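Novice: Got work20.tsv for you, TSV, C-alpha atoms:
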```
chain	number	residue	atom	x	y	z
A	12	MET	CA	190.24	148.85	138.17
A	13	THR	CA	186.77	149.92	139.35
A	14	GLU	CA	184.08	147.43	138.39
A	15	VAL	CA	181.31	148.96	136.26
A	16	GLY	CA	177.81	148.22	137.58
A	17	PRO	CA	174.69	147.37	135.61
A	18	THR	CA	173.66	149.89	132.97
A	19	PHE	CA	169.90	149.29	133.03
A	20	ASP	CA	167.30	150.07	135.69
A	21	LEU	CA	164.97	147.11	135.24
A	22	LEU	CA	165.06	143.88	133.25
A	23	PHE	CA	161.97	141.87	132.36
A	24	THR	CA	162.96	138.31	131.64
A	25	ASN	CA	161.30	134.94	130.91
A	26	VAL	CA	158.79	136.76	128.72
A	27	HIS	CA	157.38	136.47	125.20
A	28	LEU	CA	157.28	139.76	123.31
A	29	ALA	CA	154.71	140.96	120.81
A	30	THR	CA	156.54	144.06	119.61
A	31	MET	CA	153.77	144.97	117.11
A	32	GLU	CA	156.41	145.75	114.53
A	33	ASP	CA	155.96	143.71	111.34
A	34	GLY	CA	152.67	142.16	112.45
A	35	TYR	CA	152.75	140.75	115.94
A	36	GLY	CA	156.54	140.91	115.90
A	37	GLU	CA	156.73	137.81	118.10
A	38	LEU	CA	159.92	137.07	120.03
A	39	SER	CA	159.74	134.07	122.35
A	40	ASP	CA	161.85	133.40	125.45
A	41	ALA	CA	162.90	137.02	125.47
A	42	ALA	CA	163.89	139.86	127.77
A	43	LEU	CA	163.41	143.64	127.76
A	44	ALA	CA	165.47	146.23	129.62
A	45	VAL	CA	164.36	149.67	130.78
A	46	LYS	CA	166.44	152.74	131.56
A	47	ASP	CA	165.12	156.17	132.56
A	48	GLY	CA	161.57	155.15	131.75
A	49	ARG	CA	162.32	154.03	128.19
A	50	ILE	CA	162.95	150.75	126.45
A	51	ALA	CA	166.73	150.43	126.27
A	52	TRP	CA	167.22	146.88	125.00
A	53	LEU	CA	165.18	143.86	123.92
A	54	GLY	CA	166.15	140.49	122.57
A	55	LYS	CA	166.61	136.83	123.45
A	56	ARG	CA	166.74	136.03	127.14
A	57	ALA	CA	170.09	134.27	126.72
A	58	ASP	CA	171.60	137.58	125.62
A	59	ALA	CA	170.01	139.72	128.33
A	60	PRO	CA	172.18	142.40	129.98
A	61	ALA	CA	172.48	143.02	133.69
A	62	ALA	CA	170.14	145.44	135.46
A	63	HIS	CA	169.71	146.86	138.95
A	64	LYS	CA	166.38	145.06	139.27
A	65	GLN	CA	165.02	142.01	137.50
A	66	HIS	CA	161.46	140.82	137.10
A	67	ASP	CA	160.74	137.24	136.11
A	68	CYS	CA	157.54	137.35	134.04
A	69	GLY	CA	156.90	133.63	134.35
A	70	GLY	CA	156.40	133.05	130.66
A	71	ALA	CA	153.79	135.79	130.24
A	72	TRP	CA	153.32	137.75	127.03
A	73	MET	CA	154.28	141.41	126.88
A	74	THR	CA	152.78	143.93	124.45
A	75	PRO	CA	152.99	147.69	124.24
A	76	GLY	CA	150.57	149.31	126.64
A	77	LEU	CA	147.18	149.56	124.97
A	78	VAL	CA	146.04	152.89	123.55
A	79	ASP	CA	142.35	153.89	123.59
A	80	CYS	CA	142.45	156.63	120.97
A	81	HIS	CA	138.80	157.77	120.95
A	82	THR	CA	136.78	158.34	124.13
A	83	HIS	CA	134.26	160.77	125.60
A	84	ILE	CA	134.92	159.31	129.02
A	85	VAL	CA	134.64	162.61	130.97
A	86	HIS	CA	130.94	163.37	131.31
A	87	ALA	CA	128.12	163.55	133.82
A	88	GLY	CA	124.72	161.92	133.68
A	89	ASN	CA	123.24	158.71	132.33
A	90	ARG	CA	121.25	157.96	129.19
A	91	SER	CA	119.89	154.48	129.76
A	92	ASP	CA	116.42	155.94	129.18
A	93	GLU	CA	117.37	156.75	125.58
A	94	TRP	CA	118.79	153.28	125.09
A	95	GLU	CA	115.48	151.88	126.24
A	96	ALA	CA	113.63	154.24	123.86
A	97	ARG	CA	115.72	153.05	120.93
A	98	LEU	CA	114.88	149.46	121.79
A	99	ASN	CA	111.25	150.52	121.65
A	100	GLY	CA	111.65	151.89	118.13
A	101	ALA	CA	113.08	155.43	118.32
A	102	SER	CA	116.11	156.24	116.15
A	103	TYR	CA	119.24	158.06	117.32
A	104	GLU	CA	118.30	161.02	115.10
A	105	ASP	CA	114.71	161.03	116.47
A	106	ILE	CA	116.04	161.28	120.01
A	107	ALA	CA	118.56	164.01	119.13
A	108	ARG	CA	115.98	166.15	117.34
A	109	ALA	CA	113.64	165.85	120.33
A	110	GLY	CA	116.25	167.43	122.59
A	111	GLY	CA	117.83	164.24	123.85
A	112	GLY	CA	121.00	162.64	122.67
A	113	ILE	CA	124.06	164.76	123.17
A	114	MET	CA	122.04	167.61	124.69
A	115	SER	CA	120.94	165.40	127.57
A	116	THR	CA	124.56	164.89	128.54
A	117	VAL	CA	125.33	168.57	127.94
A	118	ARG	CA	122.77	169.58	130.57
A	119	ALA	CA	124.22	167.17	133.13
A	120	THR	CA	127.82	168.06	132.34
A	121	ARG	CA	127.22	171.82	132.49
A	122	ALA	CA	125.82	171.34	135.99
A	123	ALA	CA	128.95	169.53	137.22
A	124	ASP	CA	132.16	171.07	138.52
A	125	VAL	CA	135.62	169.62	137.91
A	126	ASP	CA	135.48	167.50	141.07
A	127	GLY	CA	132.08	166.15	140.08
A	128	LEU	CA	133.29	165.26	136.62
A	129	LEU	CA	136.32	163.53	138.11
A	130	ALA	CA	134.23	161.51	140.54
A	131	ALA	CA	131.98	160.34	137.71
A	132	SER	CA	134.81	159.57	135.30
A	133	LEU	CA	137.51	157.91	137.40
A	134	PRO	CA	135.73	154.54	137.75
A	135	ARG	CA	135.36	154.35	133.98
A	136	VAL	CA	139.03	155.16	133.47
A	137	ARG	CA	140.13	152.60	136.07
A	138	ALA	CA	138.23	149.90	134.20
A	139	LEU	CA	140.26	150.64	131.07
A	140	LEU	CA	143.56	150.76	132.93
A	141	ALA	CA	142.86	147.36	134.48
A	142	GLU	CA	142.86	145.97	130.92
A	143	GLY	CA	146.33	147.23	130.06
A	144	VAL	CA	145.50	150.71	128.74
A	145	THR	CA	148.38	153.12	129.33
A	146	THR	CA	147.38	155.98	126.98
A	147	LEU	CA	143.91	157.46	126.74
A	148	GLU	CA	142.40	160.12	124.51
A	149	ILE	CA	139.66	162.19	126.18
A	150	LYS	CA	137.41	164.56	124.24
A	151	SER	CA	135.45	167.53	125.48
A	152	GLY	CA	132.20	168.37	123.68
A	153	TYR	CA	129.55	168.06	126.37
A	154	GLY	CA	129.99	171.61	127.63
A	155	LEU	CA	129.48	173.58	124.39
A	156	ALA	CA	130.35	176.79	126.22
A	157	LEU	CA	133.79	178.07	127.15
A	158	GLU	CA	133.62	177.57	130.90
A	159	ALA	CA	132.01	174.13	130.69
A	160	GLU	CA	134.44	172.91	128.03
A	161	GLU	CA	137.30	174.17	130.18
A	162	ARG	CA	136.02	172.17	133.16
A	163	MET	CA	135.89	169.01	131.05
A	164	LEU	CA	139.43	169.47	129.77
A	165	ARG	CA	140.75	170.28	133.25
A	166	ALA	CA	139.11	167.10	134.56
A	167	ALA	CA	140.80	165.16	131.75
A	168	ARG	CA	144.19	166.62	132.65
A	169	ARG	CA	143.60	165.77	136.31
A	170	ILE	CA	142.94	162.13	135.41
A	171	GLY	CA	146.44	161.99	133.97
A	172	GLU	CA	147.80	163.38	137.22
A	173	LEU	CA	145.84	161.11	139.56
A	174	LEU	CA	146.15	157.81	137.68
A	175	PRO	CA	149.06	156.13	135.88
A	176	VAL	CA	147.88	156.91	132.37
A	177	ARG	CA	148.94	159.33	129.67
A	178	VAL	CA	145.98	161.52	128.66
A	179	ALA	CA	145.72	163.18	125.26
A	180	THR	CA	143.03	165.87	125.26
A	181	THR	CA	140.86	166.75	122.28
A	182	PHE	CA	138.67	169.85	122.00
A	183	LEU	CA	135.31	168.88	120.50
A	184	GLY	CA	133.46	172.17	120.78
A	185	ALA	CA	131.82	171.48	117.39
A	186	HIS	CA	130.01	168.43	118.74
A	187	ALA	CA	126.44	169.74	118.71
A	188	LEU	CA	124.60	173.05	118.55
A	189	PRO	CA	123.84	174.32	122.07
A	190	PRO	CA	120.30	175.60	122.74
A	191	GLU	CA	121.39	179.23	123.16
A	192	PHE	CA	122.57	179.15	119.52
A	193	ALA	CA	119.46	177.46	118.12
A	194	GLY	CA	119.10	178.37	114.47
A	195	ARG	CA	122.50	180.11	114.47
A	196	ALA	CA	124.97	177.35	113.69
A	197	ASP	CA	127.37	179.65	111.85
A	198	ASP	CA	127.45	182.00	114.84
A	199	TYR	CA	128.27	179.08	117.13
A	200	VAL	CA	131.07	177.97	114.83
A	201	SER	CA	132.44	181.52	115.08
A	202	GLU	CA	132.28	181.20	118.88
A	203	VAL	CA	134.19	177.92	118.69
A	204	CYS	CA	136.84	179.27	116.32
A	205	GLU	CA	137.33	182.80	117.60
A	206	ARG	CA	136.75	182.54	121.35
A	207	MET	CA	136.67	179.02	122.76
A	208	LEU	CA	139.51	177.34	120.90
A	209	PRO	CA	142.07	180.16	121.27
A	210	ALA	CA	141.33	180.53	124.99
A	211	LEU	CA	141.59	176.81	125.73
A	212	ALA	CA	144.70	176.38	123.61
A	213	GLN	CA	146.37	179.29	125.39
A	214	GLN	CA	145.80	177.49	128.70
A	215	GLY	CA	147.51	174.37	127.37
A	216	LEU	CA	144.38	172.26	127.59
A	217	VAL	CA	144.15	171.14	123.95
A	218	ASP	CA	146.27	168.53	122.18
A	219	ALA	CA	144.03	168.16	119.10
A	220	VAL	CA	140.73	169.40	117.67
A	221	ASP	CA	137.75	167.30	116.58
A	222	ALA	CA	134.28	167.99	115.11
A	223	PHE	CA	131.08	166.11	114.30
A	224	CYS	CA	130.43	166.45	110.55
A	225	GLU	CA	126.96	165.00	110.09
A	226	ARG	CA	123.38	165.90	109.21
A	227	ILE	CA	122.62	166.35	112.91
A	228	GLY	CA	126.03	167.94	113.50
A	229	PHE	CA	127.96	170.45	111.42
A	230	THR	CA	128.27	170.92	107.69
A	231	HIS	CA	131.32	170.35	105.54
A	232	GLN	CA	131.88	174.11	105.32
A	233	GLN	CA	131.46	174.72	109.06
A	234	THR	CA	133.83	171.86	109.87
A	235	ALA	CA	136.42	173.32	107.48
A	236	ARG	CA	136.27	176.59	109.44
A	237	VAL	CA	137.01	174.73	112.68
A	238	PHE	CA	139.91	172.91	111.08
A	239	ALA	CA	141.37	176.11	109.66
A	240	ALA	CA	141.25	177.72	113.11
A	241	ALA	CA	142.93	174.68	114.67
A	242	ARG	CA	145.71	174.54	112.11
A	243	ALA	CA	146.32	178.28	112.51
A	244	LEU	CA	147.07	177.52	116.17
A	245	GLY	CA	149.36	174.63	115.23
A	246	LEU	CA	146.94	171.98	116.49
A	247	PRO	CA	146.31	168.69	114.66
A	248	VAL	CA	142.76	167.74	113.67
A	249	LYS	CA	140.60	164.63	113.57
A	250	LEU	CA	136.94	164.08	112.72
A	251	HIS	CA	133.78	162.14	113.52
A	252	ALA	CA	133.13	161.25	109.89
A	253	GLU	CA	130.61	159.24	107.90
A	254	GLN	CA	128.94	157.62	110.91
A	255	LEU	CA	125.32	158.13	109.86
A	256	SER	CA	125.72	159.36	106.28
A	257	ASP	CA	128.38	160.32	103.76
A	258	GLN	CA	129.15	164.01	104.24
A	259	GLY	CA	132.61	163.92	102.67
A	260	GLY	CA	134.18	164.36	106.08
A	261	ALA	CA	136.97	161.83	105.60
A	262	ALA	CA	138.26	163.61	102.51
A	263	LEU	CA	137.97	166.93	104.32
A	264	VAL	CA	140.01	165.88	107.36
A	265	ALA	CA	142.57	164.28	105.05
A	266	ARG	CA	142.89	167.56	103.17
A	267	PHE	CA	143.87	169.20	106.45
A	268	GLY	CA	146.46	166.48	107.14
A	269	GLY	CA	144.24	165.03	109.85
A	270	LEU	CA	145.40	162.44	112.34
A	271	SER	CA	142.27	160.34	111.98
A	272	ALA	CA	138.76	159.96	110.63
A	273	ASP	CA	136.56	158.05	113.06
A	274	HIS	CA	133.46	155.79	112.69
A	275	LEU	CA	133.37	155.61	108.85
A	276	GLU	CA	130.39	153.32	108.31
A	277	TYR	CA	129.38	155.34	105.22
A	278	LEU	CA	132.90	156.01	103.95
A	279	SER	CA	133.16	156.43	100.18
A	280	PRO	CA	135.93	155.24	97.84
A	281	GLU	CA	136.93	158.88	97.39
A	282	GLY	CA	137.28	159.23	101.16
A	283	ILE	CA	139.42	156.11	101.36
A	284	ALA	CA	141.71	157.37	98.61
A	285	ALA	CA	142.12	160.74	100.33
A	286	MET	CA	142.91	159.10	103.68
A	287	ALA	CA	145.45	156.77	102.09
A	288	GLN	CA	147.22	159.66	100.39
A	289	ALA	CA	147.29	161.79	103.56
A	290	GLY	CA	148.24	158.99	105.96
A	291	THR	CA	145.08	159.60	107.97
A	292	VAL	CA	144.20	156.72	110.33
A	293	ALA	CA	140.76	155.07	110.20
A	294	VAL	CA	139.55	154.76	113.79
A	295	LEU	CA	136.98	151.98	114.01
A	296	LEU	CA	134.40	152.14	116.79
A	297	PRO	CA	132.49	148.86	116.97
A	298	GLY	CA	130.89	149.71	120.31
A	299	ALA	CA	128.70	152.42	118.78
A	300	TYR	CA	127.86	150.19	115.80
A	301	TYR	CA	126.79	147.42	118.19
A	302	PHE	CA	124.94	149.64	120.65
A	303	LEU	CA	122.98	151.48	117.95
A	304	ARG	CA	122.24	148.16	116.22
A	305	GLU	CA	123.60	149.49	112.94
A	306	SER	CA	123.72	147.28	109.86
A	307	THR	CA	126.17	149.10	107.55
A	308	PRO	CA	129.75	148.21	108.51
A	309	PRO	CA	132.78	150.30	107.61
A	310	PRO	CA	134.42	149.24	104.33
A	311	ILE	CA	137.12	147.17	106.02
A	312	ALA	CA	138.28	145.30	102.92
A	313	ALA	CA	138.64	148.52	100.92
A	314	LEU	CA	140.55	150.22	103.75
A	315	ARG	CA	142.82	147.19	103.99
A	316	GLU	CA	143.42	147.13	100.24
A	317	ALA	CA	144.24	150.85	100.20
A	318	GLY	CA	146.76	150.44	103.03
A	319	VAL	CA	144.91	152.78	105.41
A	320	PRO	CA	146.01	152.02	108.99
A	321	MET	CA	143.03	150.95	111.12
A	322	ALA	CA	142.82	151.74	114.82
A	323	VAL	CA	140.22	150.36	117.24
A	324	ALA	CA	138.83	152.28	120.21
A	325	THR	CA	135.99	152.09	122.73
A	326	ASP	CA	134.28	155.42	121.91
A	327	CYS	CA	133.30	155.35	125.60
A	328	ASN	CA	130.35	157.74	125.85
A	329	PRO	CA	126.96	157.75	127.59
A	330	GLY	CA	124.71	157.72	124.54
A	331	THR	CA	126.06	155.38	121.89
A	332	SER	CA	128.91	153.34	123.39
A	333	PRO	CA	128.89	153.07	127.20
A	334	MET	CA	131.82	150.66	126.99
A	335	THR	CA	134.86	150.62	129.22
A	336	SER	CA	136.59	147.55	127.76
A	337	LEU	CA	139.08	147.96	124.94
A	338	LEU	CA	139.51	144.18	124.86
A	339	LEU	CA	135.80	143.85	124.10
A	340	ALA	CA	136.19	146.41	121.32
A	341	LEU	CA	138.91	144.22	119.79
A	342	ASN	CA	136.63	141.19	119.87
A	343	MET	CA	133.76	143.17	118.33
A	344	ALA	CA	135.98	144.48	115.54
A	345	CYS	CA	136.94	140.92	114.66
A	346	THR	CA	133.53	139.30	115.10
A	347	LEU	CA	131.35	142.02	113.57
A	348	TRP	CA	133.69	143.36	110.88
A	349	ARG	CA	136.15	140.53	110.19
A	350	LEU	CA	139.34	142.26	111.27
A	351	THR	CA	141.99	139.69	111.94
A	352	PRO	CA	143.15	139.44	115.57
A	353	GLN	CA	146.50	140.82	114.46
A	354	GLU	CA	144.83	143.83	112.82
A	355	ALA	CA	142.75	144.40	115.95
A	356	LEU	CA	145.76	144.38	118.28
A	357	LEU	CA	147.67	146.68	115.92
A	358	GLY	CA	144.57	148.87	116.11
A	359	ALA	CA	144.94	149.24	119.87
A	360	THR	CA	148.72	149.71	119.83
A	361	ALA	CA	150.74	150.92	116.84
A	362	HIS	CA	147.87	152.35	114.78
A	363	ALA	CA	146.11	153.86	117.80
A	364	ALA	CA	149.35	155.64	118.71
A	365	ARG	CA	149.50	157.01	115.15
A	366	ALA	CA	145.91	158.23	115.48
A	367	LEU	CA	147.11	160.41	118.37
A	368	GLY	CA	150.31	161.54	116.64
A	369	LEU	CA	152.34	159.62	119.24
A	370	GLN	CA	153.79	156.86	117.05
A	371	ASP	CA	157.35	158.01	117.75
A	372	GLN	CA	156.82	157.59	121.50
A	373	ILE	CA	154.49	154.63	122.12
A	374	GLY	CA	152.60	151.85	120.35
A	375	THR	CA	155.40	149.33	119.66
A	376	LEU	CA	158.16	147.70	121.66
A	377	ALA	CA	161.25	149.40	120.27
A	378	VAL	CA	164.43	150.84	121.74
A	379	GLY	CA	163.96	154.49	122.63
A	380	LYS	CA	160.22	154.37	123.08
A	381	ARG	CA	158.53	155.01	126.39
A	382	ALA	CA	158.36	151.89	128.56
A	383	ASP	CA	154.56	151.67	128.61
A	384	LEU	CA	153.95	147.93	128.60
A	385	ALA	CA	151.31	145.35	129.43
A	386	LEU	CA	151.87	141.82	130.71
A	387	TRP	CA	149.29	139.14	129.86
A	388	ASP	CA	148.53	135.60	131.00
A	389	ILE	CA	147.75	134.34	127.50
A	390	ALA	CA	148.97	131.56	125.22
A	391	ARG	CA	149.30	133.73	122.10
A	392	PRO	CA	148.62	137.36	121.14
A	393	ALA	CA	145.35	136.53	119.34
A	394	ASP	CA	143.87	135.63	122.74
A	395	LEU	CA	143.49	139.34	123.50
A	396	ALA	CA	140.79	139.62	120.82
A	397	TYR	CA	139.38	136.12	121.40
A	398	ALA	CA	137.95	135.97	124.90
A	399	ILE	CA	134.71	137.76	125.78
A	400	GLY	CA	134.42	139.24	129.25
A	401	PHE	CA	137.76	137.90	130.48
A	402	ASN	CA	140.69	140.09	131.50
A	403	PRO	CA	144.09	138.35	131.34
A	404	CYS	CA	146.12	141.45	132.26
A	405	ARG	CA	148.71	140.50	134.89
A	406	ALA	CA	150.46	143.86	135.25
A	407	VAL	CA	151.23	147.08	133.46
A	408	VAL	CA	154.34	149.22	133.23
A	409	ASN	CA	154.00	152.99	132.99
A	410	GLY	CA	157.19	154.83	132.11
A	411	GLY	CA	159.22	151.93	133.45
A	412	ILE	CA	157.26	151.60	136.72
A	413	LEU	CA	155.72	148.17	137.27
A	414	ARG	CA	152.16	148.18	138.64
A	415	THR	CA	149.37	145.71	139.22
A	416	PRO	CA	146.36	146.28	136.96
A	417	HIS	CA	144.01	147.05	139.85
A	418	PHE	CA	144.16	150.78	140.47
A	419	SER	CA	142.78	152.30	143.65
```
Do you think you could lay out the structure here as C-alpha cells?
Specialist:
Amino acid sequence: MTEVGPTFDLLFTNVHLATMEDGYGELSDAALAVKDGRIAWLGKRADAPAAHKQHDCGGAWMTPGLVDCHTHIVHAGNRSDEWEARLNGASYEDIARAGGGIMSTVRATRAADVDGLLAASLPRVRALLAEGVTTLEIKSGYGLALEAEERMLRAARRIGELLPVRVATTFLGAHALPPEFAGRADDYVSEVCERMLPALAQQGLVDAVDAFCERIGFTHQQTARVFAAARALGLPVKLHAEQLSDQGGAALVARFGGLSADHLEYLSPEGIAAMAQAGTVAVLLPGAYYFLRESTPPPIAALREAGVPMAVATDCNPGTSPMTSLLLALNMACTLWRLTPQEALLGATAHAARALGLQDQIGTLAVGKRADLALWDIARPADLAYAIGFNPCRAVVNGGILRTPHFS
C-alpha cells in the first residue's frame, strides 16, 4: 500500500488564535493549517494534522490580517502648512474655501505621473503593512479629471502588484469641485457620471464608488446621481457622510444598499436606523477627528444599540489624517470614543472586511477563507489597541506565504 503524504501545505503551531468570530473567538494552544493559500483547518494543537512545512509560532497570537478599509494613501504633496494654519485659528472650511484643503493636493497630484505617485505612496503603505495590514482600500479623488483619476487608480493597482497586500480601489471623483467647473457643480457631476466613471470602470480600475456629501462637497441630490450611475454599472457604493454636518448622507447610502457610511460625527437617529436596516457598516475615522481637533464624537452607543457593525480605519490622507498606523487608530477609537478593545479589533478585521464587501474572503480565521494572517508578540488580543507607538507584529502571512513585517 502506498503511504499517503501530508494533505496541508503549511501548519502554524504553538499559537493562540483570535478568530474574530463571536467576539475575539479565542482559542489557546492552537494550530492552523493552510492549503493552496487558504485556511484549511484550525483547532487545538494536540489535534493538528500533518503538513509539508511547519512553523512554530512560539506562543504568539494570530489574528486575521488587518484591513484598513478607508484610505486616501495615493497622493502627492504635503499640507503641513494648513495644519499649522488650523493651529493658528483657521477652520477646515475656511482653508477649503480659500482654495486650500483638497484642492492643494489636487494640484500636486495632477502634476505627478504614475511613477511619481508610487514613489510618494509606497513608504506610507509599507508602514501599514509592517503593522499587520494585509488588505488596503485606496481611493482616488485628488485628480478630479479623467486622466488624473486614472493615474491615481493605476498607481493603486500597482501597489498591489509590488507589495504583498490586497488593494481594493474606490473611485472618488465626487470628492471636490475642480476649478475648471467652478460654479457648475451639476455639470461636474455629469462629467463624473457620464464620462469618468464609465471609462474607469471599463478599464477595470474601480471596485467601488464613493462621494463627499457635505456643505463643502456635494449635495444629497448630486450624490444620489453618482450612486445611481455606479449601481447601473454594477458597482457598490460608500459615502463620506455626516463628518461636518448632517446632510442625510447615511440614509442616502443605505437606500442604495451601500457598503459603508464613513466619519459619521453628525449622524442622526434616522441615519442609524437606515444603516441598521440596510446592513451598512459605520466606518469610524478617529485620526481625522483627532487631527482636526473636533469635539462632536460619532454616536457610538446608539450605533452599538442598533447593531450597526463598526469598522475602524486610518483615513490616511494629507489634509485631515496623515496617519499610517492602524494600531494607533484602534487606540484612538477606544480612548476618544470608548469603543471596547474587542470592538476596535473587530473594526479592523471582520467589520472592515464587510465594509469592503469582502467578508466572505477575509476578516476572520475560518476554514475556506484566504490565509491572510498576522502574528503578534502580545499577551492578549486587547494589547493591539492598548499600546501607543509600539508595534508587536512578528510576521504576516499573505495568501499562505509567511513574511517578516519589514517590507523592502
Novice: Atom CA of Arg162 of chain A and atom CA of Leu295 of chain A are how many Å apart?
Specialist: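 Taking atom CA of Arg162 of chain A as the start and atom CA of Leu295 of chain A as the end point, the length is 27.8 Å.
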Novice: If we count only C-alpha atoms and set the cut-off at 9 Å, which residues sit around Thr415 of chain A, ignoring sequence neighbours fewer than 5 positions away in its own chain? Please answer as a list in words.
Specialist: Ala141, Cys404, Arg405, Ala406, Val407 and Val408 of chain A
Novice: Here is a test: counting all atoms listed in the file, which residue of A:Gln213, A:Thr145, A:Gln254, A:Asn89 is nearest to Thr74 of chain A?
Specialist: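 So, comparing all the options, the nearest one is A:Thr145.
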Novice: Kindly extract all protein, DNA and RNA residues lying within 10 Å of the coordinates (153.8, 141.5, 119.7) given in the file, considering all atoms listed in the file, and supply them as a list in words.
Specialist: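 Residues close enough to count: His27, Leu28, Ala29, Thr30, Met31, Glu32, Asp33, Gly34, Tyr35, Gly36, Glu37, Leu38, Ser39, Trp72, Met73, Thr74, Pro75, Gln353, Leu356, Leu357, Thr360, Thr375, Leu376, Arg391, Pro392 and Ala393 of chain A.
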Novice: Give me, please, the distance in Å between atom CA of Trp387 of chain A and atom CA of Ala71 of chain A, quoted to one decimal.
Specialist: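 About the pair atom CA of Trp387 of chain A and atom CA of Ala71 of chain A: they are 5.6 Å apart.
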Novice: With only C-alpha atoms as the basis for distance, which of A:Gly143, A:Val125, A:Cys80, A:Asn328 is at the shortest distance from Ala272 of chain A?
Specialist: A:Cys80
Novice: Between atom CA of Leu386 of chain A and atom CA of Ser132 of chain A, measure the distance and give it in Å to one decimal.
Specialist: 25.0 Å
